[in-house]
Every structure is written in C-alpha cells, then in structure tokens.
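So this block is data_21.tsv, TSV, C-alpha atoms:
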```tsv
chain	number	residue	atom	x	y	z
A	1460	MET	CA	120.41	62.87	81.28
A	1461	ASN	CA	118.43	60.89	83.89
A	1462	THR	CA	114.75	61.39	84.72
A	1463	LYS	CA	115.49	63.19	88.00
A	1464	THR	CA	117.65	65.76	86.27
A	1465	GLN	CA	115.02	66.27	83.57
A	1466	ASN	CA	112.37	66.89	86.23
A	1467	ILE	CA	114.56	69.42	88.01
A	1468	ILE	CA	115.17	71.28	84.74
A	1469	ALA	CA	111.46	71.21	83.90
A	1470	VAL	CA	110.47	72.59	87.32
A	1471	SER	CA	113.13	75.29	87.09
A	1472	LEU	CA	111.95	76.29	83.63
A	1473	ILE	CA	108.31	76.51	84.75
A	1474	THR	CA	109.32	78.56	87.80
A	1475	PHE	CA	111.32	80.93	85.61
A	1476	ILE	CA	108.39	81.37	83.23
A	1477	PHE	CA	105.98	82.17	86.09
A	1478	ILE	CA	108.39	84.63	87.67
A	1479	GLY	CA	108.97	86.31	84.32
A	1480	ALA	CA	105.25	86.52	83.59
A	1481	GLY	CA	104.63	87.98	87.03
A	1482	ALA	CA	107.30	90.61	86.54
A	1483	ILE	CA	105.86	91.58	83.17
A	1484	TRP	CA	102.38	91.89	84.67
A	1485	TYR	CA	103.66	93.95	87.61
A	1486	PHE	CA	105.61	96.45	85.55
A	1487	SER	CA	102.89	96.79	82.92
A	1488	ARG	CA	100.35	97.40	85.69
A	1489	ARG	CA	102.62	99.91	87.40
A	1490	ASN	CA	103.20	101.80	84.17
A	1491	LYS	CA	99.49	101.77	83.36
A	1492	ASN	CA	98.55	103.30	86.69
A	1493	GLY	CA	101.64	105.43	87.14
A	1494	GLY	CA	101.55	107.68	84.09
A	1495	LYS	CA	103.65	107.49	80.96
A	1496	THR	CA	106.03	110.38	81.71
A	1497	PRO	CA	108.03	111.40	84.79
A	1498	PHE	CA	105.91	114.53	85.14
A	1499	ARG	CA	102.65	112.58	85.06
A	1500	ARG	CA	104.00	110.11	87.60
A	1501	ARG	CA	104.90	112.98	89.92
A	1502	VAL	CA	101.43	114.49	89.53
A	1503	VAL	CA	99.79	111.17	90.40
A	1504	ARG	CA	102.10	110.52	93.35
A	1505	TYR	CA	101.58	113.97	94.88
A	1506	ALA	CA	97.80	113.83	94.38
A	1507	GLU	CA	97.66	110.42	96.06
A	1508	GLU	CA	99.80	111.70	98.94
A	1509	GLU	CA	97.33	114.53	99.54
A	1510	LEU	CA	94.38	112.14	99.37
A	1511	LYS	CA	96.04	110.04	102.08
A	1512	LYS	CA	96.68	113.13	104.26
A	1513	TRP	CA	92.98	113.95	104.11
A	1514	ASN	CA	92.11	110.36	105.04
A	1515	GLU	CA	90.45	109.84	101.66
A	1516	GLY	CA	87.82	112.48	102.26
A	1517	LYS	CA	87.12	111.80	105.92
A	1518	THR	CA	89.12	114.78	107.18
A	1519	LYS	CA	87.33	118.09	106.61
A	1520	GLU	CA	88.63	121.56	105.78
A	1521	THR	CA	87.80	123.11	109.18
A	1522	GLN	CA	89.91	120.61	111.13
A	1523	ASP	CA	93.15	122.00	112.55
A	1524	SER	CA	95.17	119.06	111.22
A	1525	VAL	CA	94.85	120.27	107.59
A	1526	TYR	CA	95.25	124.02	108.08
A	1527	ASP	CA	98.92	123.91	107.04
A	1528	ASP	CA	97.97	121.88	103.97
A	1529	LEU	CA	95.46	124.51	102.92
A	1530	LYS	CA	98.11	127.16	103.52
A	1531	ARG	CA	100.48	125.35	101.14
A	1532	TYR	CA	97.79	125.19	98.46
A	1533	TRP	CA	97.13	128.92	98.67
A	1534	GLU	CA	100.82	129.80	98.77
A	1535	SER	CA	101.25	127.98	95.45
A	1536	ILE	CA	99.23	130.75	93.78
A	1537	GLY	CA	100.70	133.57	95.87
A	1538	TRP	CA	97.84	134.07	98.32
A	1539	LYS	CA	98.57	135.09	101.90
A	1540	GLU	CA	96.74	133.90	105.00
A	1541	ASN	CA	94.65	137.07	105.24
A	1542	GLN	CA	93.17	136.34	101.79
A	1543	TRP	CA	91.47	133.06	102.64
A	1544	SER	CA	89.89	131.02	105.40
A	1545	PRO	CA	89.40	127.22	105.56
A	1546	SER	CA	85.72	127.32	104.61
A	1547	GLY	CA	85.44	130.86	103.28
A	1548	VAL	CA	87.02	130.61	99.80
A	1549	ALA	CA	86.86	127.68	97.38
A	1550	TRP	CA	90.30	126.05	97.31
A	1551	SER	CA	89.90	123.34	94.64
A	1552	SER	CA	91.87	125.24	92.00
A	1553	ALA	CA	94.56	126.14	94.53
A	1554	PHE	CA	94.83	122.41	95.23
A	1555	ILE	CA	95.38	121.60	91.53
A	1556	SER	CA	97.83	124.50	91.23
A	1557	TYR	CA	99.79	123.20	94.20
A	1558	ILE	CA	100.12	119.72	92.68
A	1559	MET	CA	101.20	121.12	89.32
A	1560	ARG	CA	103.74	123.49	90.85
A	1561	LYS	CA	105.18	120.76	93.08
A	1562	ALA	CA	105.41	118.43	90.05
A	1563	ASN	CA	107.45	121.16	88.31
A	1564	ALA	CA	105.03	122.28	85.61
A	1565	LYS	CA	106.96	125.58	85.57
A	1566	ASP	CA	105.41	128.35	83.45
A	1567	ASP	CA	103.44	125.96	81.25
A	1568	PHE	CA	100.59	125.83	83.76
A	1569	LYS	CA	98.40	128.84	84.61
A	1570	TYR	CA	98.29	128.72	88.41
A	1571	SER	CA	95.11	130.34	89.68
A	1572	GLN	CA	92.37	130.45	92.30
A	1573	SER	CA	89.95	129.70	89.46
A	1574	HIS	CA	89.93	126.51	87.39
A	1575	THR	CA	88.50	128.57	84.52
A	1576	ASP	CA	91.80	130.37	84.02
A	1577	TYR	CA	93.86	127.27	83.31
A	1578	ILE	CA	91.02	125.51	81.46
A	1579	ARG	CA	90.65	128.39	79.01
A	1580	ASP	CA	94.42	128.63	78.69
A	1581	ALA	CA	94.73	124.91	77.87
A	1582	ILE	CA	91.93	125.09	75.29
A	1583	LYS	CA	93.59	128.13	73.74
A	1584	ASN	CA	96.88	126.17	73.54
A	1585	ARG	CA	95.06	123.36	71.73
A	1586	LYS	CA	93.33	125.67	69.25
A	1587	GLU	CA	96.57	127.52	68.50
A	1588	ASN	CA	98.57	124.27	68.47
A	1589	ASN	CA	101.40	126.10	70.23
A	1590	ASN	CA	104.33	124.62	72.14
A	1591	ASN	CA	102.69	124.64	75.58
A	1592	LYS	CA	102.49	121.11	76.96
A	1593	PHE	CA	99.05	121.61	78.56
A	1594	LYS	CA	96.31	121.31	75.95
A	1595	GLY	CA	92.56	120.96	76.42
A	1596	TYR	CA	90.61	118.59	74.16
A	1597	ARG	CA	86.95	117.82	73.66
A	1598	LEU	CA	85.86	114.62	75.37
A	1599	ASN	CA	85.60	112.72	72.07
A	1600	GLU	CA	88.99	113.87	70.76
A	1601	LYS	CA	91.40	112.08	73.08
A	1602	LYS	CA	91.27	109.03	75.30
A	1603	VAL	CA	91.81	109.81	78.95
A	1604	GLU	CA	95.20	108.88	80.44
A	1605	ILE	CA	96.79	108.75	83.87
A	1606	GLY	CA	97.85	112.27	84.85
A	1607	ASP	CA	95.21	114.06	82.76
A	1608	LEU	CA	92.80	116.62	84.17
A	1609	VAL	CA	89.07	116.06	83.59
A	1610	CYS	CA	86.98	119.19	84.05
A	1611	TYR	CA	83.34	120.11	84.31
A	1612	ALA	CA	81.31	123.28	84.68
A	1613	ARG	CA	79.42	124.10	87.85
A	1614	GLU	CA	76.80	126.05	85.91
A	1615	ASN	CA	74.67	125.61	82.80
A	1616	GLY	CA	75.49	127.06	79.40
A	1617	VAL	CA	79.20	126.24	79.43
A	1618	ASN	CA	80.94	124.29	76.67
A	1619	TYR	CA	84.35	123.83	75.08
A	1620	ASP	CA	84.17	127.15	73.24
A	1621	THR	CA	83.01	129.30	76.16
A	1622	THR	CA	85.47	132.13	76.75
A	1623	ARG	CA	83.76	134.07	79.54
A	1624	TYR	CA	84.40	133.38	83.20
A	1625	TYR	CA	82.44	130.45	84.64
A	1626	THR	CA	82.53	128.32	87.77
A	1627	SER	CA	84.14	124.92	87.25
A	1628	HIS	CA	86.09	122.05	88.77
A	1629	CYS	CA	88.85	119.62	87.69
A	1630	ASP	CA	90.12	116.29	88.98
A	1631	ILE	CA	93.52	114.65	88.45
A	1632	ILE	CA	93.17	111.17	86.93
A	1633	THR	CA	95.21	108.71	88.96
A	1634	ARG	CA	93.79	105.34	87.92
A	1635	ILE	CA	91.83	103.85	85.02
A	1636	ASP	CA	90.00	100.57	84.57
A	1637	ASN	CA	87.65	99.34	81.85
A	1638	ASN	CA	84.65	101.38	82.93
A	1639	TYR	CA	85.90	104.24	85.06
A	1640	ALA	CA	88.61	106.85	85.43
A	1641	TYR	CA	89.36	107.75	89.04
A	1642	GLY	CA	90.11	111.39	89.75
A	1643	ILE	CA	91.45	113.16	92.83
A	1644	GLY	CA	90.15	116.65	93.51
A	1645	GLY	CA	90.23	119.23	96.27
A	1646	ASN	CA	87.36	121.00	98.05
A	1647	VAL	CA	84.97	118.16	97.18
A	1648	SER	CA	82.68	117.56	100.16
A	1649	ASP	CA	85.00	119.95	102.07
A	1650	SER	CA	87.94	117.58	101.64
A	1651	VAL	CA	90.29	115.88	99.16
A	1652	THR	CA	88.40	112.98	97.62
A	1653	LEU	CA	88.50	110.33	94.91
A	1654	SER	CA	85.73	110.38	92.29
A	1655	LYS	CA	84.64	107.78	89.71
A	1656	ILE	CA	84.14	109.12	86.20
A	1657	PRO	CA	82.50	106.85	83.58
A	1658	ILE	CA	84.46	106.03	80.42
A	1659	LYS	CA	83.72	104.01	77.28
A	1660	ASN	CA	86.42	102.68	74.97
A	1661	GLY	CA	88.84	104.94	76.80
A	1662	TYR	CA	86.85	108.16	76.36
A	1663	ILE	CA	85.33	110.22	79.15
A	1664	GLN	CA	81.55	110.15	78.86
A	1665	GLU	CA	79.40	113.26	78.80
A	1666	GLY	CA	77.33	114.05	81.86
A	1667	ASN	CA	77.64	116.13	85.02
A	1668	ARG	CA	78.57	119.06	82.70
A	1669	ARG	CA	81.94	117.47	81.80
A	1670	PHE	CA	83.38	119.07	78.68
A	1671	VAL	CA	87.19	118.95	78.50
A	1672	VAL	CA	90.19	116.68	79.06
A	1673	ILE	CA	93.44	118.53	79.68
A	1674	LYS	CA	96.51	116.61	78.59
A	1675	THR	CA	99.59	117.16	80.72
A	1676	LYS	CA	103.19	116.87	79.62
```

In structure tokens, how does this file's structure come out?
Amino acid sequence: MNTKTQNIIAVSLITFIFIGAGAIWYFSRRNKNGGKTPFRRRVVRYAEEELKKWNEGKTKETQDSVYDDLKRYWESIGWKENQWSPSGVAWSSAFISYIMRKANAKDDFKYSQSHTDYIRDAIKNRKENNNNKFKGYRLNEKKVEIGDLVCYARENGVNYDTTRYYTSHCDIITRIDNNYAYGIGGNVSDSVTLSKIPIKNGYIQEGNRRFVVIKTK
C-alpha cells in the first residue's frame, strides 16, 4: 500500500469518526430535550407549538388572533363560549388540560379549570401507588425530566399534603440544562410563556411556593 492510499484511508477514517460522533451527539441531545416516551415527546411538541403561536409571550389574550386558541383550551374541559371570556377567567389549567388531551392522556389525567384538581389527584395516585401514570412527588423525591409538570401555589400555607382547594399554577418542562428547567405555561403575563426554574443536581429547587413535580407517562 503506497503513501497516497494510506493518506486517503486515514482521512476517510477520521471523517467517519467525526460524522459518527456528530450523529451520536445529535441524537443524544434530541432525546434529552425531547422526552423519553412518545407521550412526553407529544406533550413537549404541542406545548412548544402553542408557545410559537403566542409569539413566545408577545401575543396577549385579548388579541383577536388567539381567540380560537383560547376556545380550544376551554373546549378541552367541556366549557362553552358563554362560560368564559379572554380576560375574565383564568385559563392556565385549561391550557394544560388541552395539551394533555391532545397528547392522548385519556382518562389518566384529571382535566379541569383548576390546577388544584389534577395536582391533588396526582399526589393521591403517588400516595396510593396505584396504576395511574400521573403521580405527584415532593421536589426532593424525583429529578425533573422533560415532559414533567412543575407546580406551585399562588397562596401561602400550601404544601404537598394540602387537600383543600387552593389557587395554583403548573408549567410543562420542555428543556433542561445544568442549572435550569424551562417550563411552558398558559395565562402567564396574559399569554403563553417560557419560564426558567432553578435546579440543582437535577432536582427542582424550593422557592416561589413550588412544592410538587408531576411525572407523566
């Protein structure tokens, strides 16, 4: 084998290694940010689609361009147009319910106008260790993952074991890096927005009344 042939083989081998390494990085990155199950990937995709429709928080709830979107959210929990108005009733839980229904959560998810209903249901599933795929964990019990819901109270005196009704909010985690989980939520600043939530060693940090991570299926 002459020197020219050896050089060609060497260059080809190096090229193959770089292409292979790039493919491994790409697919590992895609899987990391795409969710580990088909359901989670659907949840993330649909949440990101809604974020884009709302121009990443720049479009507001009273604009005509998003009226039909709000209508879809409310229809996902069975509400008719005479039961809501764009700025008259909080629609953040209807937004989450819409994403979960579209992603085909079926009867495992408790669709509701109130986040509290599905939060309490998920915590109950965890405590009973039943077969429902949606389970709510304390912040220090489970590392956050793509497709999870991170929830916080909108009032004082609420914790993991609270069973009464309370005002609350949840975001869908769509991306994670070393220091933050990024969650998409509805009716935040009158729009659909992306929020940064601090994490440490993979765990959601306390603060802003955060108290539960809901694992999806």

Length of the atom CA of A:Lys1512 to atom CA of A:Ile1673 vector [Å]: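 Atom CA of A:Lys1512 sits 25.4 Å away from atom CA of A:Ile1673.
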
Close residues, A:Ile1578 itself excluded, 10 Å, only C-alpha atoms, min 5 positions apart in chain, as a list in words: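 Selected residues are Phe1568, Lys1569, Ser1573, Lys1583, Asn1584, Phe1593, Lys1594, Gly1595, Leu1608, Val1609, Cys1610, Tyr1611, Tyr1619, Thr1622, Ser1627, His1628, Cys1629, Val1671, Val1672 and Ile1673 of chain A.
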
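Nearest to A:Leu1598 of all the residues A:Ile1663, A:Ala1549, A:Ile1658, A:Ala1581 is A:Ile1663, counting only C-alpha atoms.
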
Among the residues A:Arg1579, A:Lys1561, A:Gly1547, A:Lys1676, the one that comes closest to A:Asp1620 [using only C-alpha atoms]: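 Distance minimum relative to A:Asp1620 lands on A:Arg1579.
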
Which of A:Val1603, A:Phe1498, A:Ser1650, A:Tyr1662 sits closest to A:Arg1634 [using all atoms listed in the file]: A:Val1603

Nearest candidate to A:Val1647 (options A:Tyr1624, A:Tyr1570, A:Phe1554, A:Trp1538; using only C-alpha atoms):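 The shortest atom-to-atom distance to A:Val1647 comes from A:Phe1554.
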
Selection: 12 Å around stretch 1524-1532 of chain A, only C-alpha atoms, excl. self and same-chain fewer than 6 positions, as a PyMOL selection string: chain A and resi 1508-1514+1516-1518+1538-1561+1570-1572+1645-1646+1649-1651

Could you please take those selected residues and save C-alpha atoms as a PDB file, in the frame of the given file?
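In the end it all went to again_21.pdb:
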```pdb
ATOM      1  CA  GLU A1508      99.800 111.700  98.940  1.00  0.00           C
ATOM      2  CA  GLU A1509      97.330 114.530  99.540  1.00  0.00           C
ATOM      3  CA  LEU A1510      94.380 112.140  99.370  1.00  0.00           C
ATOM      4  CA  LYS A1511      96.040 110.040 102.080  1.00  0.00           C
ATOM      5  CA  LYS A1512      96.680 113.130 104.260  1.00  0.00           C
ATOM      6  CA  TRP A1513      92.980 113.950 104.110  1.00  0.00           C
ATOM      7  CA  ASN A1514      92.110 110.360 105.040  1.00  0.00           C
ATOM      8  CA  GLY A1516      87.820 112.480 102.260  1.00  0.00           C
ATOM      9  CA  LYS A1517      87.120 111.800 105.920  1.00  0.00           C
ATOM     10  CA  THR A1518      89.120 114.780 107.180  1.00  0.00           C
ATOM     11  CA  TRP A1538      97.840 134.070  98.320  1.00  0.00           C
ATOM     12  CA  LYS A1539      98.570 135.090 101.900  1.00  0.00           C
ATOM     13  CA  GLU A1540      96.740 133.900 105.000  1.00  0.00           C
ATOM     14  CA  ASN A1541      94.650 137.070 105.240  1.00  0.00           C
ATOM     15  CA  GLN A1542      93.170 136.340 101.790  1.00  0.00           C
ATOM     16  CA  TRP A1543      91.470 133.060 102.640  1.00  0.00           C
ATOM     17  CA  SER A1544      89.890 131.020 105.400  1.00  0.00           C
ATOM     18  CA  PRO A1545      89.400 127.220 105.560  1.00  0.00           C
ATOM     19  CA  SER A1546      85.720 127.320 104.610  1.00  0.00           C
ATOM     20  CA  GLY A1547      85.440 130.860 103.280  1.00  0.00           C
ATOM     21  CA  VAL A1548      87.020 130.610  99.800  1.00  0.00           C
ATOM     22  CA  ALA A1549      86.860 127.680  97.380  1.00  0.00           C
ATOM     23  CA  TRP A1550      90.300 126.050  97.310  1.00  0.00           C
ATOM     24  CA  SER A1551      89.900 123.340  94.640  1.00  0.00           C
ATOM     25  CA  SER A1552      91.870 125.240  92.000  1.00  0.00           C
ATOM     26  CA  ALA A1553      94.560 126.140  94.530  1.00  0.00           C
ATOM     27  CA  PHE A1554      94.830 122.410  95.230  1.00  0.00           C
ATOM     28  CA  ILE A1555      95.380 121.600  91.530  1.00  0.00           C
ATOM     29  CA  SER A1556      97.830 124.500  91.230  1.00  0.00           C
ATOM     30  CA  TYR A1557      99.790 123.200  94.200  1.00  0.00           C
ATOM     31  CA  ILE A1558     100.120 119.720  92.680  1.00  0.00           C
ATOM     32  CA  MET A1559     101.200 121.120  89.320  1.00  0.00           C
ATOM     33  CA  ARG A1560     103.740 123.490  90.850  1.00  0.00           C
ATOM     34  CA  LYS A1561     105.180 120.760  93.080  1.00  0.00           C
ATOM     35  CA  TYR A1570      98.290 128.720  88.410  1.00  0.00           C
ATOM     36  CA  SER A1571      95.110 130.340  89.680  1.00  0.00           C
ATOM     37  CA  GLN A1572      92.370 130.450  92.300  1.00  0.00           C
ATOM     38  CA  GLY A1645      90.230 119.230  96.270  1.00  0.00           C
ATOM     39  CA  ASN A1646      87.360 121.000  98.050  1.00  0.00           C
ATOM     40  CA  ASP A1649      85.000 119.950 102.070  1.00  0.00           C
ATOM     41  CA  SER A1650      87.940 117.580 101.640  1.00  0.00           C
ATOM     42  CA  VAL A1651      90.290 115.880  99.160  1.00  0.00           C
TER      43      VAL A1651
END
```

12 Å contact set for A:Glu1604, only C-alpha atoms, chain neighbours under 6 positions out, as a PyMOL selection string: chain A and resi 1490-1496+1499-1500+1503+1631-1636+1639-1642+1658+1661-1663+1672-1676

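Take the candidates A:Ser1535, A:Ser1654, A:Asn1591, A:Gln1664 and check each one against A:Asp1567 using all atoms listed in the file; the shortest distance goes to A:Asn1591.
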
Between atom CA of A:Arg1585 and atom CA of A:Gly1616, distance in Å (one decimal):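 For atom CA of A:Arg1585 relative to atom CA of A:Gly1616, the distance reads 21.3 Å.
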
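We find atom CA of A:Glu1515 and atom CA of A:Asn1638 to be spaced 21.4 Å apart.
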
Would you compute the box with edges along x, y and z of the file around stretch 1505-1516 of chain A, including every atom the file lists for it and 8 Å extra on each side, and give its centre and edge lengths in Å to one decimal, as JSON?
```
{"center_x": 94.7, "center_y": 112.2, "center_z": 99.7, "size_x": 29.8, "size_y": 20.7, "size_z": 26.7}
```
